[in-house]
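One structure is given here, and the rest of the page talks about it.
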Number of protein chains: 4
Amino acid sequence: MHTYSYESIVMMTPEMIAPRVALAGATGYAGQELLRLLAGHPGVRVTLAMSSGGEARRLPALARIWDGDIQPLDVDRLASDADIACLALPEHASATIGAALAAAGTRVVDLSGAFRLRDAESRRRWYPDSPALPHGTVYGLTEHLRAAIPSASLVSCPGCYPTAALLALGPLSRANLLTGDVIVDAKSGVSGAGKSPSERTHFSEIHGSLAAYGVFSHRHGAEMEQELGCTVTFVPHLVPINRGILETIYARLVPGTRASQVQDALEAAYSAAPFVRLRGDALPEVKHVAYTNFCDIGWRVDDASGRLVMVSCIDNLLKGAAGQAVQNLNLMCGFDERMGLLR
Amino acid sequence: MHTYSYESIVMMTPEMIAPRVALAGATGYAGQELLRLLAGHPGVRVTLAMSSGGEARRLPALARIWDGDIQPLDVDRLASDADIACLALPEHASATIGAALAAAGTRVVDLSGAFRLRDAESRRRWYPDSPALPHGTVYGLTEHLRAAIPSASLVSCPGCYPTAALLALGPLSRANLLTGDVIVDAKSGVSGAGKSPSERTHFSEIHGSLAAYGVFSHRHGAEMEQELGCTVTFVPHLVPINRGILETIYARLVPGTRASQVQDALEAAYSAAPFVRLRGDALPEVKHVAYTNFCDIGWRVDDASGRLVMVSCIDNLLKGAAGQAVQNLNLMCGFDERMGLLR
Amino acid sequence: MHTYSYESIVMMTPEMIAPRVALAGATGYAGQELLRLLAGHPGVRVTLAMSSGGEARRLPALARIWDGDIQPLDVDRLASDADIACLALPEHASATIGAALAAAGTRVVDLSGAFRLRDAESRRRWYPDSPALPHGTVYGLTEHLRAAIPSASLVSCPGCYPTAALLALGPLSRANLLTGDVIVDAKSGVSGAGKSPSERTHFSEIHGSLAAYGVFSHRHGAEMEQELGCTVTFVPHLVPINRGILETIYARLVPGTRASQVQDALEAAYSAAPFVRLRGDALPEVKHVAYTNFCDIGWRVDDASGRLVMVSCIDNLLKGAAGQAVQNLNLMCGFDERMGLLR
Amino acid sequence: MHTYSYESIVMMTPEMIAPRVALAGATGYAGQELLRLLAGHPGVRVTLAMSSGGEARRLPALARIWDGDIQPLDVDRLASDADIACLALPEHASATIGAALAAAGTRVVDLSGAFRLRDAESRRRWYPDSPALPHGTVYGLTEHLRAAIPSASLVSCPGCYPTAALLALGPLSRANLLTGDVIVDAKSGVSGAGKSPSERTHFSEIHGSLAAYGVFSHRHGAEMEQELGCTVTFVPHLVPINRGILETIYARLVPGTRASQVQDALEAAYSAAPFVRLRGDALPEVKHVAYTNFCDIGWRVDDASGRLVMVSCIDNLLKGAAGQAVQNLNLMCGFDERMGLLR
């Protein structure tokens, strides 16, 4: 196992040369989590925290962690007062602001879906507000695109569901171990549905219940298909937990593939990845990753039939959103990717 | 212990003489529960189910139990097509409709707060929309007013919190065993907050959390004080369960009172009450009463100091709302009070 | 839609000719639920309630519903004092006692897995304590074997997971609409894991978490394969709810099959089945079936690819255990199958 | 408001002079949390992690955070290899080991109840295994005994319930603003009941339920009375959350006391306390403090009657256990008390 020296991670950057980071969209669930991470990050200065909500919001959970103001959204200030702008905004806002900032030379870490799909037609279908991708846009699945992120001008962080699915399937797909379609049965905590009250997220409607949604029609399926190059049957479910995603993935191995090849491909992919923990046949559970930036992956192979079942778990607000954003920001700044995230 | 013959309970009323019952407000949580109970009640005919929501709502959980229409609210039809109208409506609607029906001679079981407070000034303060109480209005805490309910023209069902508190404290208060003020620390499931989504009832805001609200300002406190005749410090809390209330009650016994007197007073009050279960020092828990019409009451006395701690549990939608409504309706119809409720 | 007259359901059997029913295993979760149902059932007399636990247990939730004793397990009395014995026991106990009762001519409704698998080799593998099936044993999936149950000497109630899966897939399989293997991704409430405390079911280990288990090794998979005649990849999950199962089922339609054929096959199978509710593309949720004996089934077809996704929901303790047992008992007694179950 | 410079907190201690810290009891819930905090603490070296469980346990949630071994409990090595030993052990083990270490000159931070009660008789009653308090023992309620902790030889961390109650009531008690007894109605998450499975903590027994316990008989009541010098009616409740405590506190103000005096006393006490957040009449909720070391305190005064209701919230595993232990350890080492805790 790779050895980590924790001490090297928290080494601080002298304040005068620390990158200036702004956050737009500080009051949503992912935004609050990102503000918490950035406020405690030893290598950056948070110069602005903004919210599109207009009026300033109190964030009682963040008192003593971030006691600065939450200001109205202002693109010009994002461009002038930040070296890197993190956007945790609705798609249509990110589409406009992200493109404007990229044009102005401000580097962007975007958490929305606006810049995830490379194919123009697909983007028009799933994200109709989304523009052409700015030059230098990189899909920010850190472990798979680590080489491209340091020089990116805009990093488009993956969706929460694709993050868990692609970290599990990507290495096997690239090693040509899979055949046929894959099925991703995803179970997500309710914070993934955002902060706006609705009938679906009303406590009494989901506590003690379970529900599937978006069958054949969730845009995260298109994102998985883009990266895997095969058909993905993706069915997300809402389950009564707050944070965390568990995905159960059903695939077929190319005839003749041995279980050890699955393990080898995953270990080769993640030997130097601090936030992916391979569990082998000890299947991961949401409690192991909640409130962390880890992605835990386990799997089982039925040798006789070539059936493969994988289980992949993340915290949807951290590795699935704010944590991966900081991981990418670290690489963009030349920092150890764990800085501010190992806790 | 009183012996119950279940067979006597389910004896049906021939359809032609079964009372016609209408329900106004069939789509809220208490209303749906009431519709479920009435649809399966062997002694009544449900002639109307109405909703103030305007458009008809599907109630998928009630398919095969109630497959009739949900019609728009119509006071004239309530008066013409029902012998008894059950109202599970917002206070302001109940205030108007309940008074109109009472004037028209249709008997009413009302679940709102509009007719609970007898003192005019108190009613104006806590329920400003509420009119003078119609003649024949009875406060429908079944176990305490059993004699008055059969002939009532309007039965005003108690609030969920007062139901649990008063069933515990009432017999001790009337036996003059208590001195000083009482404190009611109530913990309620979220269904008590109703069906409209809000920030407070958004799943991610209350799952894994606990919150007090309404300190010194909840109108159910006035209802408790009306019935007990002493000051009540009432603090309700929202806890992440769906159904059920547990109230922890703090009081002082008159010096010299023995623990056995507490037990005697409670047993005398409830020896013939099928829905109150006295647990003594085996403190009740919400799971024992959820999805039932029971109120379970336990208590502990510290002899040296005269301190009394009581714990009282109900299902807020049944004994705290729809179940107690049917219990009262049974008495109004001359039925066994358990009819349609023992399940 | 079929019309139900509730009144016909609750018609009581005169006590002197009401079948005598005994329950062995009254203190587990399914057993308590069965005791509650039988105690309120208008057509039977409960003559015995037994528990293998040795000492009598209090069941505080059932006070006033069942105030009889819970007696030690005694096979002779089961045979002498009951016309029908319901067994909610561990497999090894059911295997012995069920066979003895069948030999003695006492009819049996068994909730364990001991008598579910017809193939001797498969039974030895998955239920090694299980004997040869007594003559007259019927697999008690009520909707699929309704004709055989009335005359059965032993009805072996299906497992909770197979009940939901088979009700969804059975009609399509028999209509030859499916091709290839099927995948059943099942999410279950924790009551399915039984009443014995364990690390896996410790509140702090599963609240806020999700976990898969039994991949390629759960014996309910064998039960599904027996009934469907094809390979089933079955992965159960534990989710932090108490009651209820939601199964997401992935299958392929024979090329050329139209979505309407799926609907037709399901409607033909269940047009007269009071406890199966077909939801079409309105996917069912656990909250619609919790605390009921219903199985709700929804589905979506991707016409271009022939992919079929079904969602099937039940309450694991009712339709998945005690409710289906009563449904079968009703048929064995010649009652309407809804008697004691519509609530 | 006091201004915090985060940068000053994370300043590291050079490894060669960093205190050596050992942890005994690393696998319980508080122990795991403490191991997580210590492993990420920039000022100390973790030299040993031990468990009394005998065999080494895997801690899958801590992989990559603490990859060292969990060794069998060994008092000699605790004494020789650590400057400070943190004990997260059962009372009887802490009683013996804590006293031995103190005699050997190893400084101790103890999380058990063994050393909390100063009165010998009271200690014999509530903690019969507990010895005389070693010389230099300090009750580790950090905010109230900050001056004594730096030089303590053994810091006995308060119970979770007393931490929340005393932080709220202590300043008012010392300012002589209170009269009469106080009532502490506490609601706790289930992790406070520890890691051993039991009927009470079985998921299906507490999910969807609420339960009071320990009325007039919980030893944390004695701890509150020791510090406050008045009678405390303390009733803890188990609620279906995992982490967090909310206490609702009922007290009386000395006649003539103004609400502003309550606020003044609290602000004076905590103006320089980084982990106490005064919320005034914005009552705190568990979600604001979960997974943090904060104690949030809100209150309401009924001026006419002098009634005071306070609400105090902590995370039982952090401020109520492992977090406060680190806070104390920081003071013992001369560090900023926030080191390793602001996240």
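In the structure tokens, each chain is lettered A, B, ... as it comes, each chain's residues begin at 1, and ligands are numbered from 1 in order of appearance.
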Mind checking which residues fall within 7 Å of segment 218-233 of chain D, counting only C-alpha atoms, ignoring those fewer than 3 positions away in the same chain, and posting them as an MDAnalysis selection string?
chainID D and resid 117 126 159 161:162 166 170 173 181:184 214:215
Each residue of chain A lying at most 8 Å from chain C should get a row with its shortest atom-to-atom pair and the distance in Å to one decimal, counting only C-alpha atoms; could you produce that, ordered by chain and increasing number, as JSON lines?
```
{"residue": "A:Asp185", "atom": "CA", "partner": "C:Asp185", "partner_atom": "CA", "distance": 7.5}
{"residue": "A:Glu205", "atom": "CA", "partner": "C:Lys287", "partner_atom": "CA", "distance": 7.5}
{"residue": "A:Ile206", "atom": "CA", "partner": "C:Lys287", "partner_atom": "CA", "distance": 7.7}
{"residue": "A:His207", "atom": "CA", "partner": "C:Ile241", "partner_atom": "CA", "distance": 7.6}
{"residue": "A:Gly208", "atom": "CA", "partner": "C:Ile241", "partner_atom": "CA", "distance": 4.9}
{"residue": "A:Ser209", "atom": "CA", "partner": "C:Val286", "partner_atom": "CA", "distance": 4.8}
{"residue": "A:Leu210", "atom": "CA", "partner": "C:Val286", "partner_atom": "CA", "distance": 5.4}
{"residue": "A:Ala211", "atom": "CA", "partner": "C:Glu285", "partner_atom": "CA", "distance": 4.9}
{"residue": "A:Ala212", "atom": "CA", "partner": "C:Leu283", "partner_atom": "CA", "distance": 7.0}
{"residue": "A:Tyr213", "atom": "CA", "partner": "C:Leu283", "partner_atom": "CA", "distance": 7.7}
{"residue": "A:Val215", "atom": "CA", "partner": "C:Arg300", "partner_atom": "CA", "distance": 7.3}
{"residue": "A:Phe216", "atom": "CA", "partner": "C:Asp302", "partner_atom": "CA", "distance": 7.3}
{"residue": "A:Val239", "atom": "CA", "partner": "C:Val239", "partner_atom": "CA", "distance": 7.7}
{"residue": "A:Pro240", "atom": "CA", "partner": "C:Pro240", "partner_atom": "CA", "distance": 7.0}
{"residue": "A:Ile241", "atom": "CA", "partner": "C:Gly208", "partner_atom": "CA", "distance": 4.9}
{"residue": "A:Asn242", "atom": "CA", "partner": "C:Gly208", "partner_atom": "CA", "distance": 6.8}
{"residue": "A:Arg243", "atom": "CA", "partner": "C:Gly208", "partner_atom": "CA", "distance": 7.4}
{"residue": "A:Gly244", "atom": "CA", "partner": "C:Ser209", "partner_atom": "CA", "distance": 7.6}
{"residue": "A:Leu246", "atom": "CA", "partner": "C:Leu210", "partner_atom": "CA", "distance": 6.7}
{"residue": "A:Leu283", "atom": "CA", "partner": "C:Ala212", "partner_atom": "CA", "distance": 7.0}
{"residue": "A:Pro284", "atom": "CA", "partner": "C:Ala211", "partner_atom": "CA", "distance": 7.1}
{"residue": "A:Glu285", "atom": "CA", "partner": "C:Ala211", "partner_atom": "CA", "distance": 4.9}
{"residue": "A:Val286", "atom": "CA", "partner": "C:Ser209", "partner_atom": "CA", "distance": 4.8}
{"residue": "A:Lys287", "atom": "CA", "partner": "C:Ser209", "partner_atom": "CA", "distance": 5.0}
{"residue": "A:Arg300", "atom": "CA", "partner": "C:Val215", "partner_atom": "CA", "distance": 7.4}
{"residue": "A:Asp302", "atom": "CA", "partner": "C:Phe216", "partner_atom": "CA", "distance": 7.3}
{"residue": "A:Val309", "atom": "CA", "partner": "C:Val215", "partner_atom": "CA", "distance": 7.8}
{"residue": "A:Val311", "atom": "CA", "partner": "C:Ala212", "partner_atom": "CA", "distance": 7.7}
```
Compile the contact shell of segment 70-86 of chain C as a short mmCIF file (atom, residue, chain, number, x, y, z; two decimals) with N, CA and C atoms, in the first residue's frame: residues with an atom at most 7 Å away, counting only C-alpha atoms, same-chain residues fewer than 2 positions apart removed.
```
data_model
loop_
_atom_site.label_atom_id
_atom_site.label_comp_id
_atom_site.auth_asym_id
_atom_site.auth_seq_id
_atom_site.Cartn_x
_atom_site.Cartn_y
_atom_site.Cartn_z
N PRO C 19 -63.24 -22.39 12.45
CA PRO C 19 -62.05 -23.24 12.57
C PRO C 19 -61.18 -22.80 13.75
N ARG C 20 -60.61 -23.83 14.41
CA ARG C 20 -59.67 -23.55 15.49
C ARG C 20 -58.28 -23.37 14.89
N VAL C 21 -57.64 -22.24 15.19
CA VAL C 21 -56.32 -21.96 14.64
C VAL C 21 -55.32 -21.81 15.78
N ALA C 22 -54.17 -22.45 15.63
CA ALA C 22 -53.09 -22.30 16.59
C ALA C 22 -51.92 -21.61 15.92
N LEU C 23 -51.16 -20.86 16.71
CA LEU C 23 -49.98 -20.18 16.18
C LEU C 23 -48.77 -20.63 16.98
N ALA C 24 -47.79 -21.17 16.29
CA ALA C 24 -46.52 -21.52 16.94
C ALA C 24 -45.46 -20.55 16.46
N THR C 47 -56.95 -20.73 19.29
CA THR C 47 -57.00 -21.59 20.47
C THR C 47 -55.68 -21.68 21.20
N ALA C 49 -51.49 -19.88 21.35
CA ALA C 49 -50.36 -19.09 20.85
C ALA C 49 -49.14 -19.57 21.61
N MET C 50 -48.14 -20.02 20.88
CA MET C 50 -46.98 -20.64 21.50
C MET C 50 -45.70 -19.95 21.06
N SER C 51 -44.69 -20.10 21.88
CA SER C 51 -43.38 -19.56 21.53
C SER C 51 -42.32 -20.57 21.92
N SER C 52 -41.33 -20.72 21.05
CA SER C 52 -40.25 -21.66 21.35
C SER C 52 -39.27 -21.06 22.36
N GLY C 54 -39.39 -20.60 25.31
CA GLY C 54 -39.39 -21.14 26.67
C GLY C 54 -40.26 -20.28 27.56
N ALA C 56 -42.55 -17.34 28.95
CA ALA C 56 -43.58 -16.53 28.32
C ALA C 56 -43.05 -15.11 28.15
N ARG C 57 -43.38 -14.50 27.05
CA ARG C 57 -42.96 -13.13 26.79
C ARG C 57 -44.17 -12.22 26.85
N GLY C 68 -54.31 -13.23 25.76
CA GLY C 68 -54.10 -14.61 26.18
C GLY C 68 -52.64 -14.88 26.51
N ALA C 88 -44.69 -19.99 12.55
CA ALA C 88 -43.76 -18.89 12.26
C ALA C 88 -42.50 -19.16 13.06
N ILE C 97 -41.63 -30.01 12.97
CA ILE C 97 -43.00 -29.89 13.46
C ILE C 97 -44.01 -29.92 12.31
N LEU C 101 -47.01 -32.62 12.06
CA LEU C 101 -48.42 -32.21 12.03
C LEU C 101 -49.10 -32.72 10.77
N ALA C 104 -49.98 -36.15 11.20
CA ALA C 104 -51.09 -36.33 12.15
C ALA C 104 -52.41 -35.82 11.59
N THR C 106 -53.19 -32.67 10.87
CA THR C 106 -53.47 -31.25 11.14
C THR C 106 -52.98 -30.44 9.95
N ARG C 107 -53.83 -29.60 9.43
CA ARG C 107 -53.41 -28.79 8.30
C ARG C 107 -52.43 -27.72 8.78
N VAL C 108 -51.50 -27.35 7.91
CA VAL C 108 -50.40 -26.47 8.31
C VAL C 108 -50.27 -25.31 7.33
N VAL C 109 -50.07 -24.11 7.89
CA VAL C 109 -49.60 -22.96 7.10
C VAL C 109 -48.23 -22.63 7.64
N ASP C 110 -47.21 -22.86 6.84
CA ASP C 110 -45.83 -22.68 7.32
C ASP C 110 -45.20 -21.44 6.69
#
```
Quick one: DSSP strand (DSSP E or B) residues in segment 80-291 of chain C, as a CSV table (one decimal) with C-alpha atoms, in the first residue's frame?
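Written out: part34.csv:
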```csv
chain,number,residue,atom,x,y,z
C,84,ILE,CA,-55.0,-25.4,11.2
C,85,ALA,CA,-51.6,-24.7,12.7
C,86,CYS,CA,-49.7,-21.6,11.6
C,87,LEU,CA,-45.9,-22.0,12.1
C,107,ARG,CA,-53.4,-28.8,8.3
C,108,VAL,CA,-50.4,-26.5,8.3
C,109,VAL,CA,-49.6,-23.0,7.1
C,110,ASP,CA,-45.8,-22.7,7.3
C,137,THR,CA,-47.7,-29.6,0.1
C,138,VAL,CA,-48.5,-26.5,-2.0
C,139,TYR,CA,-46.3,-23.4,-2.6
C,154,LEU,CA,-49.5,-28.0,4.0
C,155,VAL,CA,-49.2,-24.5,2.5
C,156,SER,CA,-45.6,-23.3,2.4
C,178,LEU,CA,-39.1,-12.7,-21.5
C,179,THR,CA,-35.7,-13.7,-22.8
C,180,GLY,CA,-32.4,-14.3,-21.0
C,181,ASP,CA,-31.7,-13.9,-17.4
C,182,VAL,CA,-33.3,-11.5,-15.0
C,183,ILE,CA,-31.8,-9.4,-12.3
C,184,VAL,CA,-33.6,-8.7,-9.0
C,185,ASP,CA,-32.1,-5.8,-7.0
C,186,ALA,CA,-34.1,-5.9,-3.7
C,187,LYS,CA,-34.1,-3.3,-0.9
C,188,SER,CA,-35.5,-4.5,2.3
C,202,HIS,CA,-27.6,-2.5,15.5
C,211,ALA,CA,-25.5,-2.3,2.5
C,212,ALA,CA,-25.7,-5.1,0.0
C,232,VAL,CA,-31.8,-15.0,-11.5
C,233,THR,CA,-29.1,-12.6,-10.3
C,234,PHE,CA,-30.5,-11.7,-6.9
C,235,VAL,CA,-28.9,-9.0,-4.7
C,236,PRO,CA,-30.7,-8.1,-1.5
C,237,HIS,CA,-29.9,-4.9,0.3
C,238,LEU,CA,-30.5,-3.7,3.9
C,245,ILE,CA,-39.5,-4.3,0.3
C,246,LEU,CA,-38.9,-2.6,-3.0
C,247,GLU,CA,-37.5,-4.7,-5.8
C,248,THR,CA,-36.2,-3.2,-9.0
C,249,ILE,CA,-36.2,-5.9,-11.7
C,250,TYR,CA,-34.3,-5.8,-14.9
C,251,ALA,CA,-35.3,-8.1,-17.8
C,252,ARG,CA,-35.3,-8.3,-21.6
C,253,LEU,CA,-38.5,-8.7,-23.7
C,276,VAL,CA,-52.3,-7.0,-6.4
C,277,ARG,CA,-52.5,-3.4,-7.6
C,278,LEU,CA,-51.1,-2.7,-11.1
C,279,ARG,CA,-49.6,0.8,-11.2
C,280,GLY,CA,-48.4,0.9,-14.9
```
12 Å contact set for Leu111 of chain B, only C-alpha atoms, chain neighbours under 2 positions out, as a PDB file with C-alpha atoms, in the first residue's frame:
```pdb
ATOM      1  CA  LEU B  23     -65.729  13.441   5.029  1.00  0.00           C
ATOM      2  CA  ALA B  24     -64.536  16.916   4.126  1.00  0.00           C
ATOM      3  CA  GLY B  25     -60.753  17.125   3.874  1.00  0.00           C
ATOM      4  CA  ALA B  26     -59.889  13.655   2.649  1.00  0.00           C
ATOM      5  CA  GLY B  28     -54.423  15.560   4.254  1.00  0.00           C
ATOM      6  CA  TYR B  29     -52.654  13.054   6.464  1.00  0.00           C
ATOM      7  CA  ALA B  30     -55.381  12.929   9.100  1.00  0.00           C
ATOM      8  CA  GLY B  31     -58.033  13.000   6.403  1.00  0.00           C
ATOM      9  CA  LEU B  34     -59.970   8.946   8.504  1.00  0.00           C
ATOM     10  CA  ALA B  85     -70.043  15.224   8.644  1.00  0.00           C
ATOM     11  CA  CYS B  86     -66.417  14.713   9.620  1.00  0.00           C
ATOM     12  CA  LEU B  87     -64.280  17.780   8.989  1.00  0.00           C
ATOM     13  CA  ALA B  88     -60.514  17.412   8.617  1.00  0.00           C
ATOM     14  CA  LEU B  89     -59.995  20.919   7.316  1.00  0.00           C
ATOM     15  CA  PRO B  90     -57.850  23.946   8.100  1.00  0.00           C
ATOM     16  CA  GLU B  91     -59.154  25.977  11.071  1.00  0.00           C
ATOM     17  CA  ALA B  93     -62.581  26.426   6.810  1.00  0.00           C
ATOM     18  CA  SER B  94     -63.823  24.367   9.750  1.00  0.00           C
ATOM     19  CA  ALA B  95     -64.877  27.502  11.578  1.00  0.00           C
ATOM     20  CA  GLY B  98     -68.791  23.578  11.057  1.00  0.00           C
ATOM     21  CA  VAL B 108     -70.375  17.383  13.036  1.00  0.00           C
ATOM     22  CA  VAL B 109     -67.140  15.745  14.138  1.00  0.00           C
ATOM     23  CA  GLY B 113     -58.867  23.685  16.592  1.00  0.00           C
ATOM     24  CA  ALA B 114     -61.746  25.991  15.724  1.00  0.00           C
ATOM     25  CA  PHE B 115     -64.125  24.798  18.424  1.00  0.00           C
ATOM     26  CA  ARG B 116     -61.772  23.632  21.180  1.00  0.00           C
ATOM     27  CA  TYR B 139     -64.853  18.812  23.662  1.00  0.00           C
ATOM     28  CA  GLY B 140     -64.227  15.345  22.308  1.00  0.00           C
ATOM     29  CA  LEU B 141     -61.644  13.861  24.640  1.00  0.00           C
ATOM     30  CA  LEU B 154     -70.733  19.124  17.290  1.00  0.00           C
ATOM     31  CA  VAL B 155     -67.822  17.211  18.737  1.00  0.00           C
ATOM     32  CA  SER B 156     -64.580  19.167  18.677  1.00  0.00           C
ATOM     33  CA  CYS B 157     -61.777  16.629  18.763  1.00  0.00           C
ATOM     34  CA  PRO B 158     -58.796  17.641  20.920  1.00  0.00           C
ATOM     35  CA  GLY B 159     -55.398  18.492  19.552  1.00  0.00           C
ATOM     36  CA  CYS B 160     -52.885  15.682  19.336  1.00  0.00           C
ATOM     37  CA  ASN B 316     -50.855  11.493  16.421  1.00  0.00           C
ATOM     38  CA  LEU B 317     -52.939  10.594  13.342  1.00  0.00           C
ATOM     39  CA  LEU B 318     -55.136   8.054  15.140  1.00  0.00           C
ATOM     40  CA  LYS B 319     -55.799   8.694  18.836  1.00  0.00           C
ATOM     41  CA  GLY B 320     -54.510  12.215  18.171  1.00  0.00           C
ATOM     42  CA  ALA B 321     -56.847  12.801  15.206  1.00  0.00           C
ATOM     43  CA  ALA B 322     -58.711  10.335  12.953  1.00  0.00           C
ATOM     44  CA  GLY B 323     -58.997   7.473  15.439  1.00  0.00           C
ATOM     45  CA  GLN B 324     -60.432   9.606  18.203  1.00  0.00           C
ATOM     46  CA  ALA B 325     -62.824  11.103  15.646  1.00  0.00           C
ATOM     47  CA  VAL B 326     -64.169   7.626  14.841  1.00  0.00           C
ATOM     48  CA  ASN B 328     -66.511   9.843  19.036  1.00  0.00           C
ATOM     49  CA  LEU B 329     -68.559   9.069  15.950  1.00  0.00           C
TER      50      LEU B 329
END
```
Long-range neighbours of Arg258 of chain C as a ChimeraX atom specification, 10 Å cut-off, only C-alpha atoms, 3 positions minimum in chain
/C:177,253-255,261-263,301-303,306
Need the shell around Ala39 of chain B: protein/DNA/RNA residues with any atom at most 9 Å away, counting only C-alpha atoms. Skip same-chain ones fewer than 3 positions apart. Format as a ChimeraX atom specification?
/B:34-36,42,44-46,65-66 /C:6,343
Taking the DSSP secondary structure from the backbone, can you list the residues of segment 80-307 of chain D that are helix (DSSP H, G or I), as a ChimeraX atom specification?
/D:80-81,91-104,120-126,160-174,190-193,203-206,219-228,259-270,286-289
Dump C-alpha atoms for the selected residues as a CSV table (one decimal), in the first residue's frame?
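Now in result.csv:
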```csv
chain,number,residue,atom,x,y,z
D,80,SER,CA,6.4,3.6,28.5
D,81,ASP,CA,5.4,4.7,25.0
D,91,GLU,CA,-15.5,2.2,33.7
D,92,HIS,CA,-14.0,-0.7,35.5
D,93,ALA,CA,-11.1,-0.9,33.1
D,94,SER,CA,-10.5,2.8,33.3
D,95,ALA,CA,-10.7,2.8,37.0
D,96,THR,CA,-7.8,0.4,37.3
D,97,ILE,CA,-5.7,1.5,34.3
D,98,GLY,CA,-6.2,5.2,34.9
D,99,ALA,CA,-5.0,5.0,38.5
D,100,ALA,CA,-2.0,2.9,37.5
D,101,LEU,CA,-0.9,5.3,34.8
D,102,ALA,CA,-1.4,8.3,37.1
D,103,ALA,CA,0.8,6.5,39.7
D,104,ALA,CA,3.4,5.9,37.0
D,120,ALA,CA,-16.5,9.3,47.8
D,121,GLU,CA,-19.9,8.1,48.8
D,122,SER,CA,-21.6,9.2,45.6
D,123,ARG,CA,-18.8,7.6,43.7
D,124,ARG,CA,-19.3,4.3,45.5
D,125,ARG,CA,-23.0,4.4,44.7
D,126,TRP,CA,-22.8,5.2,41.0
D,160,CYS,CA,-22.2,13.5,27.3
D,161,TYR,CA,-25.5,14.5,29.0
D,162,PRO,CA,-23.8,16.7,31.7
D,163,THR,CA,-21.6,18.4,29.1
D,164,ALA,CA,-24.7,19.8,27.4
D,165,ALA,CA,-26.6,20.6,30.6
D,166,LEU,CA,-23.7,22.2,32.5
D,167,LEU,CA,-22.6,24.4,29.7
D,168,ALA,CA,-26.1,25.8,29.6
D,169,LEU,CA,-26.8,26.1,33.3
D,170,GLY,CA,-23.4,26.6,34.8
D,171,PRO,CA,-23.0,30.3,34.2
D,172,LEU,CA,-26.5,31.0,35.4
D,173,SER,CA,-26.0,29.0,38.5
D,174,ARG,CA,-22.8,30.7,39.4
D,190,VAL,CA,-28.4,5.8,19.7
D,191,SER,CA,-24.6,5.9,19.4
D,192,GLY,CA,-24.6,7.0,23.0
D,193,ALA,CA,-25.7,3.5,24.0
D,203,PHE,CA,-32.9,-1.2,14.6
D,204,SER,CA,-36.5,-2.4,14.4
D,205,GLU,CA,-37.0,-1.6,18.1
D,206,ILE,CA,-36.1,2.1,17.9
D,219,ARG,CA,-25.8,8.4,37.1
D,220,HIS,CA,-25.3,11.4,34.8
D,221,GLY,CA,-27.9,13.1,37.1
D,222,ALA,CA,-25.5,12.8,40.0
D,223,GLU,CA,-22.8,14.4,37.9
D,224,MET,CA,-25.1,17.4,37.1
D,225,GLU,CA,-26.0,17.8,40.7
D,226,GLN,CA,-22.4,17.8,41.8
D,227,GLU,CA,-21.6,20.7,39.5
D,228,LEU,CA,-24.8,22.7,40.0
D,259,ALA,CA,-33.9,38.3,30.5
D,260,SER,CA,-30.9,40.4,29.7
D,261,GLN,CA,-29.1,39.1,32.8
D,262,VAL,CA,-29.4,35.6,31.4
D,263,GLN,CA,-27.8,36.7,28.2
D,264,ASP,CA,-25.1,38.7,30.0
D,265,ALA,CA,-24.1,35.8,32.2
D,266,LEU,CA,-23.8,33.5,29.2
D,267,GLU,CA,-21.9,35.9,27.0
D,268,ALA,CA,-19.5,36.7,29.9
D,269,ALA,CA,-18.8,33.0,30.3
D,270,TYR,CA,-18.3,32.2,26.7
D,286,VAL,CA,-28.9,18.8,16.4
D,287,LYS,CA,-28.0,19.2,12.7
D,288,HIS,CA,-26.1,22.4,13.5
D,289,VAL,CA,-23.6,20.6,15.8
```
For a test of reading the model, state the distance in Å between atom CA of Thr292 of chain C and atom CA of Gln32 of chain C, rounded to one decimal.
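A separation of 14.9 Å between them.
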